[in-house]
Amino acid sequence: MDSSNTWQNPPLFRGRIVRASYRDQKIPDYMGNPLIEALPPIWSKQEVIDLLQHYPDYREEYRTWTTELQLHLIRRVLKFFEVMPNHIDLEQRILCTLRTGYEARNPLAPDAWRNIRDKVEALKSALSPLEEAQIEEELMPTIPDLEMAATGFAFIGLSGSGKTTSLKNIFAHYPQVIIHSSYHGVDFNHVQVVWIKLECPFDGSIKGLCLNYFQALDSLLGTHYYENYGRRGRASVDEMLPSMARVSLLHSLGVLVLDEILGRHEVLSRRLVVT
């Protein structure tokens, strides 16, 4: 991964890019925050079931079709999705994770951009004494003076049990990128990245994760973060982690999902799952 000739970014699961449409909030802590007001509403249990479940269409006439045609109909079962209680729980966890993280990152707060600068500088200061090998082993040092509002959880199951499919079905109903231009008559130009789903790097390295992240954003937004911050694969881990934090804060990243993490790297498995 030391050059662009040896690094390949895995396929990116893409969602919708929409213009912001703001919704009134009933919960006081969510009011006046454009990042939260631009999200889909808080759905009821029945609404989540209606959104996620999918049953292939069936017509009695299909029974009379030729074998060749019926073979293609059988493949439609791959699109079948039955909503179970754990899917409801997963959707609620994602919903709460998004809003909890955004609650403390209101871009209209007077000290919002100063906080971004302070958090990035604190991370850079914490990383500077460490060697890159230490960062790879420890993933990220504890930073006691840095207020962290983000929450995370692990979604673990047997291979083939539908973890990735469940996540994709849920995120398909959340826009991936929200374009803000005006908030209640006030100019507000901001590109909000609601979620990004990344595959764990094949070698389980932190460097690979950083490079995947920059390339994913470039693919979504048409930016040049991989070239500027990843230096086309030549940047070190301690250089990229603060840049990754800065970019995440600038684009108000809501949820970062790391898929297929177990078994690829013991450290990543212990410390990074969903943030």
# chains A, B, ... in the order shown; residues from 1 in each chain; ligands from 1
>>> closest_atom_pairs(of="region 25-46 of chain A", to="region 158-177 of chain A", cutoff="10 Å", atoms="only C-alpha atoms", output="CSV")
residue,atom,partner,partner_atom,distance
A:Ala38,CA,A:Pro175,CA,9.6
A:Leu39,CA,A:Tyr174,CA,7.5
A:Pro40,CA,A:Tyr174,CA,6.7
A:Pro41,CA,A:Tyr174,CA,10.0
>>> residues_around(residues="region 178-181 of chain A", least_positions_apart="4", cutoff="6 Å", atoms="only C-alpha atoms", output="count of residues only")
9
>>> select_by_dssp(residues="region 177-248 of chain A", states="helix (DSSP H, G or I)", output="ChimeraX atom specification")
/A:206-221,225-228,231-233,237-248
>>> select_by_dssp(residues="region 16-247 of chain A", states="strand (DSSP E or B)", output="PyMOL selection string")
chain A and resi 17-19+54+81+177-183+186-193+195-199
>>> atom_distance(atom1="CA of Ser252 (chain A)", atom2="CA of Val193 (chain A)")
6.0 Å
>>> closest_residue(among="A:Ala109, A:Ile49, A:Leu95, A:Phe202", to="Phe81 (chain A)", atoms="only C-alpha atoms")
A:Ile49
>>> residues_around(residues="Glu82 (chain A)", least_positions_apart="3", cutoff="10 Å", atoms="only C-alpha atoms", output="PyMOL selection string")
chain A and resi 49+52-55+79+87
>>> atom_distance(atom1="CA of Asn106 (chain A)", atom2="CA of Gln92 (chain A)")
21.4 Å
>>> closest_residue(among="A:Glu239, A:Thr67, A:Tyr183, A:Leu258", to="Tyr213 (chain A)", atoms="only C-alpha atoms")
A:Leu258
>>> residues_around(residues="Asp259 (chain A)", least_positions_apart="2", cutoff="7 Å", atoms="only C-alpha atoms", output="count of residues only")
5
>>> residues_around(residues="Asp218 (chain A)", least_positions_apart="6", cutoff="12 Å", atoms="only C-alpha atoms", output="list in words")
Asn9, Leu12, Val193, Ile196, Leu211, Asn212, His224, Tyr225, Tyr226, Glu227, Asn228, Tyr229, Gly230 and Val247 of chain A
>>> atom_distance(atom1="CA of Gln25 (chain A)", atom2="CA of Arg105 (chain A)")
16.5 Å
>>> residues_around(residues="Pro28 (chain A)", least_positions_apart="5", cutoff="12 Å", atoms="only C-alpha atoms", output="list in words")
Asn33, Ile36, Glu37 and Glu103 of chain A
>>> write_last_selection(atoms="C-alpha atoms", output="compact mmCIF listing (two decimals), in the first residue's frame")
# COMPACT_ATOMS: atom_id res chain seq x y z
CA ASN A 33 -30.11 21.62 14.22
CA ILE A 36 -30.95 16.45 12.31
CA GLU A 37 -33.89 18.29 10.76
CA GLU A 103 -26.78 16.71 18.64
>>> residues_around(residues="Gln46 (chain A)", least_positions_apart="3", cutoff="12 Å", atoms="only C-alpha atoms", output="JSON, numbers by chain")
{"A": [42, 43, 49, 50, 51, 52, 53, 83, 84, 85, 88]}
>>> write_last_selection(atoms="N, CA and C atoms", output="compact mmCIF listing (two decimals), in the first residue's frame")
# COMPACT_ATOMS: atom_id res chain seq x y z
N ILE A 42 -38.57 10.08 12.33
CA ILE A 42 -38.45 8.92 13.21
C ILE A 42 -39.65 8.03 12.94
N TRP A 43 -39.40 6.91 12.28
CA TRP A 43 -40.49 6.03 11.87
C TRP A 43 -41.00 5.18 13.02
N ILE A 49 -41.28 -1.68 9.26
CA ILE A 49 -41.61 -2.96 8.64
C ILE A 49 -42.05 -2.77 7.19
N ASP A 50 -42.90 -1.78 6.97
CA ASP A 50 -43.39 -1.53 5.61
C ASP A 50 -42.27 -1.09 4.68
N LEU A 51 -41.29 -0.35 5.21
CA LEU A 51 -40.19 0.12 4.39
C LEU A 51 -39.22 -0.99 4.02
N LEU A 52 -38.95 -1.88 4.98
CA LEU A 52 -37.89 -2.86 4.80
C LEU A 52 -38.34 -4.16 4.15
N GLN A 53 -39.55 -4.61 4.46
CA GLN A 53 -39.96 -5.92 3.97
C GLN A 53 -40.14 -5.92 2.46
N VAL A 83 -38.85 -8.91 7.74
CA VAL A 83 -38.40 -8.09 8.85
C VAL A 83 -38.56 -8.85 10.16
N MET A 84 -37.45 -8.96 10.89
CA MET A 84 -37.43 -9.64 12.18
C MET A 84 -37.22 -8.61 13.29
N PRO A 85 -37.44 -9.00 14.56
CA PRO A 85 -37.24 -8.04 15.66
C PRO A 85 -35.84 -7.43 15.70
N ILE A 88 -35.63 -4.39 13.48
CA ILE A 88 -36.22 -3.20 14.10
C ILE A 88 -35.23 -2.58 15.08
